[in-house]
>>> print(open('entry-v1.pdb').read())   # PDB, C-alpha atoms
ATOM      1  CA  MET A   1      92.846  98.809 205.416
ATOM      2  CA  ASN A   2      89.085  98.542 204.844
ATOM      3  CA  LYS A   3      86.398 101.118 205.651
ATOM      4  CA  LYS A   4      85.353  99.557 208.953
ATOM      5  CA  THR A   5      88.892  99.454 210.317
ATOM      6  CA  PHE A   6      89.609 102.997 209.186
ATOM      7  CA  SER A   7      86.294 104.177 210.655
ATOM      8  CA  ALA A   8      87.107 102.539 214.000
ATOM      9  CA  ILE A   9      90.557 104.162 214.102
ATOM     10  CA  PHE A  10      89.023 107.496 213.121
ATOM     11  CA  MET A  11      86.431 107.267 215.904
ATOM     12  CA  VAL A  12      89.077 106.404 218.519
ATOM     13  CA  GLY A  13      91.095 109.423 217.421
ATOM     14  CA  ALA A  14      87.996 111.639 217.426
ATOM     15  CA  THR A  15      87.068 110.465 220.922
ATOM     16  CA  ILE A  16      90.571 111.210 222.235
ATOM     17  CA  PHE A  17      90.382 114.630 220.555
ATOM     18  CA  ASN A  18      87.007 115.247 222.253
ATOM     19  CA  PHE A  19      88.403 114.334 225.694
ATOM     20  CA  VAL A  20      91.480 116.530 225.269
ATOM     21  CA  VAL A  21      89.514 119.539 224.005
ATOM     22  CA  THR A  22      86.902 119.232 226.771
ATOM     23  CA  ALA A  23      89.564 118.874 229.493
ATOM     24  CA  ALA A  24      91.484 121.881 228.137
ATOM     25  CA  ILE A  25      88.344 124.046 228.063
ATOM     26  CA  ILE A  26      87.413 122.996 231.617
ATOM     27  CA  ALA A  27      90.942 123.787 232.844
ATOM     28  CA  VAL A  28      91.013 127.193 231.123
ATOM     29  CA  LEU A  29      87.584 128.147 232.482
ATOM     30  CA  PHE A  30      88.532 126.935 235.964
ATOM     31  CA  LEU A  31      91.718 129.017 235.958
ATOM     32  CA  LEU A  32      89.873 132.039 234.553
ATOM     33  CA  PHE A  33      87.119 131.878 237.194
ATOM     34  CA  ALA A  34      89.637 131.284 240.007
ATOM     35  CA  PHE A  35      91.746 134.230 238.820
ATOM     36  CA  LEU A  36      88.681 136.484 238.628
ATOM     37  CA  GLN A  37      87.409 135.424 242.051
ATOM     38  CA  PHE A  38      90.649 135.564 244.038
ATOM     39  CA  ARG A  39      92.825 138.144 242.224
ATOM     40  CA  VAL A  40      90.400 140.572 240.609
ATOM     41  CA  PHE A  41      87.380 140.652 242.947
ATOM     42  CA  HIS A  42      89.177 139.403 246.131
ATOM     43  CA  VAL A  43      86.228 137.249 247.210
ATOM     44  CA  GLN A  44      86.990 134.384 249.647
ATOM     45  CA  ASN A  45      83.576 132.658 249.551
ATOM     46  CA  PRO A  46      83.858 128.825 249.192
ATOM     47  CA  THR A  47      80.233 128.517 248.011
ATOM     48  CA  LEU A  48      80.906 130.894 245.143
ATOM     49  CA  PHE A  49      84.089 128.984 244.325
ATOM     50  CA  MET A  50      82.187 125.665 244.131
ATOM     51  CA  ALA A  51      79.493 127.264 241.964
ATOM     52  CA  LEU A  52      82.166 128.577 239.591
ATOM     53  CA  VAL A  53      83.836 125.139 239.485
ATOM     54  CA  MET A  54      80.516 123.558 238.511
ATOM     55  CA  LEU A  55      79.874 126.301 235.956
ATOM     56  CA  SER A  56      83.304 125.769 234.402
ATOM     57  CA  PHE A  57      82.747 121.996 234.320
ATOM     58  CA  LEU A  58      79.333 122.179 232.642
ATOM     59  CA  SER A  59      80.401 124.970 230.278
ATOM     60  CA  GLY A  60      83.488 122.984 229.302
ATOM     61  CA  ILE A  61      81.425 119.919 228.446
ATOM     62  CA  VAL A  62      78.972 121.923 226.333
ATOM     63  CA  LEU A  63      81.696 123.893 224.551
ATOM     64  CA  GLY A  64      83.704 120.699 223.972
ATOM     65  CA  LEU A  65      80.731 119.023 222.309
ATOM     66  CA  VAL A  66      80.069 122.064 220.147
ATOM     67  CA  ILE A  67      83.700 122.188 219.009
ATOM     68  CA  TYR A  68      83.689 118.412 218.402
ATOM     69  CA  THR A  69      80.555 118.511 216.230
ATOM     70  CA  LYS A  70      81.878 121.465 214.221
ATOM     71  CA  THR A  71      85.422 120.115 213.831
ATOM     72  CA  LEU A  72      84.707 116.540 212.684
ATOM     73  CA  PRO A  73      82.868 117.453 209.457
ATOM     74  CA  TRP A  74      85.596 119.972 208.665
ATOM     75  CA  VAL A  75      88.302 117.306 209.142
ATOM     76  CA  ILE A  76      86.406 114.782 206.991
ATOM     77  CA  LEU A  77      85.993 117.278 204.152
ATOM     78  CA  ARG A  78      89.416 118.930 204.516
ATOM     79  CA  PHE A  79      91.359 115.674 204.295
ATOM     80  CA  ASN A  80      88.916 114.024 201.859
ATOM     81  CA  LEU A  81      88.091 111.107 204.154
ATOM     82  CA  SER A  82      84.560 110.559 202.827
ATOM     83  CA  ASP A  83      85.592 107.664 200.572
ATOM     84  CA  LYS A  84      87.637 106.014 203.356
ATOM     85  CA  LEU A  85      84.950 106.073 206.086
ATOM     86  CA  ASP A  86      81.839 103.963 206.520
ATOM     87  CA  GLU A  87      78.651 105.477 205.065
ATOM     88  CA  ARG A  88      76.830 105.267 208.419
ATOM     89  CA  LEU A  89      79.560 107.356 210.029
ATOM     90  CA  LEU A  90      79.359 109.874 207.206
ATOM     91  CA  GLY A  91      75.598 110.087 207.617
ATOM     92  CA  ARG A  92      76.110 110.969 211.262
ATOM     93  CA  TYR A  93      78.676 113.705 210.725
ATOM     94  CA  LEU A  94      77.814 114.957 207.232
ATOM     95  CA  PRO A  95      74.031 115.175 207.004
ATOM     96  CA  ASN A  96      74.094 117.987 204.458
ATOM     97  CA  GLY A  97      73.573 116.681 200.934
ATOM     98  CA  LYS A  98      75.738 119.370 199.320
ATOM     99  CA  LYS A  99      78.857 118.400 201.245
ATOM    100  CA  ASN A 100      78.379 114.654 201.416
ATOM    101  CA  PRO A 101      78.839 112.681 198.213
ATOM    102  CA  TYR A 102      77.050 109.631 199.672
ATOM    103  CA  TYR A 103      73.816 111.437 200.517
ATOM    104  CA  LYS A 104      71.823 113.293 197.911
ATOM    105  CA  ALA A 105      68.806 115.420 198.820
ATOM    106  CA  GLY A 106      68.699 113.939 202.304
ATOM    107  CA  LYS A 107      68.352 110.352 201.069
ATOM    108  CA  ALA A 108      70.918 107.608 201.233
ATOM    109  CA  ARG A 109      72.638 106.533 198.075
ATOM    110  CA  LYS A 110      71.049 103.407 196.685
ATOM    111  CA  THR A 111      73.502 100.568 196.319
ATOM    112  CA  THR A 112      72.895  97.531 194.172
ATOM    113  CA  THR A 113      74.606  94.191 194.286
ATOM    114  CA  THR A 114      75.132  92.727 190.857
ATOM    115  CA  ASN A 115      77.283  89.706 191.617
ATOM    116  CA  LEU A 116      74.428  87.568 193.005
ATOM    117  CA  PRO A 117      72.853  84.884 190.819
ATOM    118  CA  LYS A 118      69.303  85.553 189.653
ATOM    119  CA  SER A 119      68.000  82.519 191.531
ATOM    120  CA  VAL A 120      68.571  84.173 194.917
ATOM    121  CA  LEU A 121      67.246  87.622 194.049
ATOM    122  CA  PRO A 122      63.657  88.261 195.214
ATOM    123  CA  LYS A 123      60.967  88.284 192.562
ATOM    124  CA  GLU A 124      58.127  90.774 192.508
ATOM    125  CA  ASP A 125      55.541  87.963 192.845
ATOM    126  CA  ASP A 126      57.266  86.672 195.993
ATOM    127  CA  VAL A 127      57.190  90.122 197.562
ATOM    128  CA  ASP A 128      53.484  90.568 196.756
ATOM    129  CA  GLU A 129      52.657  87.131 198.194
ATOM    130  CA  TRP A 130      54.607  87.889 201.337
ATOM    131  CA  GLU A 131      52.805  91.207 201.792
ATOM    132  CA  ARG A 132      49.426  89.516 201.310
ATOM    133  CA  GLU A 133      50.445  86.799 203.773
ATOM    134  CA  VAL A 134      51.367  89.406 206.373
ATOM    135  CA  GLU A 135      48.203  91.461 205.772
ATOM    136  CA  ASN A 136      45.915  88.420 205.932
ATOM    137  CA  SER A 137      47.618  86.707 208.847
ATOM    138  CA  ASN A 138      45.825  86.376 212.150
ATOM    139  CA  PRO A 139      48.182  86.983 215.097
ATOM    140  CA  TYR A 140      46.003  84.864 217.391
ATOM    141  CA  LEU A 141      46.353  81.732 215.265
ATOM    142  CA  THR A 142      49.991  80.815 215.605
ATOM    143  CA  SER A 143      51.724  77.509 215.210
ATOM    144  CA  PHE A 144      55.284  76.303 215.309
ATOM    145  CA  GLU A 145      55.182  74.513 211.981
ATOM    146  CA  VAL A 146      57.419  75.554 209.139
ATOM    147  CA  LYS A 147      55.283  77.283 206.540
ATOM    148  CA  SER A 148      56.022  76.993 202.886
ATOM    149  CA  PHE A 149      55.373  79.833 200.523
ATOM    150  CA  SER A 150      53.851  78.106 197.536
ATOM    151  CA  ARG A 151      50.874  79.756 195.881
ATOM    152  CA  GLU A 152      48.546  76.856 196.753
ATOM    153  CA  ASP A 153      49.459  76.983 200.445
ATOM    154  CA  LEU A 154      48.967  80.719 200.588
ATOM    155  CA  GLU A 155      45.563  80.507 198.908
ATOM    156  CA  ARG A 156      44.522  77.622 201.176
ATOM    157  CA  ARG A 157      45.575  79.533 204.297
ATOM    158  CA  ALA A 158      43.739  82.649 203.126
ATOM    159  CA  GLU A 159      40.554  80.625 202.631
ATOM    160  CA  GLU A 160      40.906  78.960 206.053
ATOM    161  CA  GLU A 161      41.422  82.297 207.752
ATOM    162  CA  LYS A 162      38.444  83.786 205.932
ATOM    163  CA  GLN A 163      36.265  80.882 207.114
ATOM    164  CA  LEU A 164      37.541  81.258 210.677
ATOM    165  CA  LYS A 165      36.772  84.975 210.621
ATOM    166  CA  GLU A 166      33.273  84.299 209.328
ATOM    167  CA  GLU A 167      32.686  81.594 211.969
ATOM    168  CA  SER A 168      33.983  83.785 214.782
ATOM    169  CA  GLY A 169      31.853  86.678 213.522
ATOM    170  CA  THR A 170      28.671  84.527 213.668
ATOM    171  CA  ASP A 171      29.571  83.200 217.132
ATOM    172  CA  THR A 172      29.898  86.679 218.596
ATOM    173  CA  GLU A 173      26.434  87.722 217.350
ATOM    174  CA  HIS A 174      24.589  85.142 219.574
TER     175      HIS A 174
END
>>> encode(input="entry-v1.pdb", output="structure tokens")
Amino acid sequence: MNKKTFSAIFMVGATIFNFVVTAAIIAVLFLLFAFLQFRVFHVQNPTLFMALVMLSFLSGIVLGLVIYTKTLPWVILRFNLSDKLDERLLGRYLPNGKKNPYYKAGKARKTTTTNLPKSVLPKEDDVDEWEREVENSNPYLTSFEVKSFSREDLERRAEEEKQLKEESGTDTEH
């Protein structure tokens, strides 16, 4: 079973756990408030009863979420599930760098892929040219042609854009 499958199964189980815990808390609070209203204080006010039902419902949801967010990291660490779950899921439930082996000092672990051939890996020159292309591009001059990324084309486009900027700058002065 791979990490994505195990993470999906884990999340389904965690969601069911969240529903069960929230429903149990709502039921316990409802019974507690009903017992206090009818048996202890002997109040027969339906408005108060509805207010207590709403209070038990909202309190149950909040308490269920608090228990869910505190329980999931404990389960992941207690049963050593950090190497079986997806890193994105771990980042959501284990943000603390001391407890999470995949995150150090609040930053994600850097992964490298070494099985790719060198011909497909980006070169530093390509990245610099792309950044210059993006910085020098004019969003108002768009075309649907396929642009190549050779050095000559990039230099030619930069010169054309510079000339267009100069021409448009002189036109606006008149």
>>> residues_near_point(input="entry-v1.pdb", point="(88.5, 122.9, 233.5)", cutoff="10 Å", atoms="all atoms listed in the file", output="PyMOL selection string")
chain A and resi 22-33+53-61
>>> atom_distance(input="entry-v1.pdb", atom1="atom CA of Asn18 of chain A", atom2="atom CA of Val75 of chain A")
13.3 Å
>>> atom_distance(input="entry-v1.pdb", atom1="atom CA of Arg151 of chain A", atom2="atom CA of Ser119 of chain A")
17.9 Å
>>> atom_distance(input="entry-v1.pdb", atom1="atom CA of Gly64 of chain A", atom2="atom CA of Leu85 of chain A")
23.1 Å
>>> resolve_selection(input="entry-v1.pdb", expression="the PyMOL selection byres ((chain A and resi 11) around 12)", output="number ranges by chain")
A: 3-10, 12-18, 68, 72, 76, 85-86, 89-90, 92-93
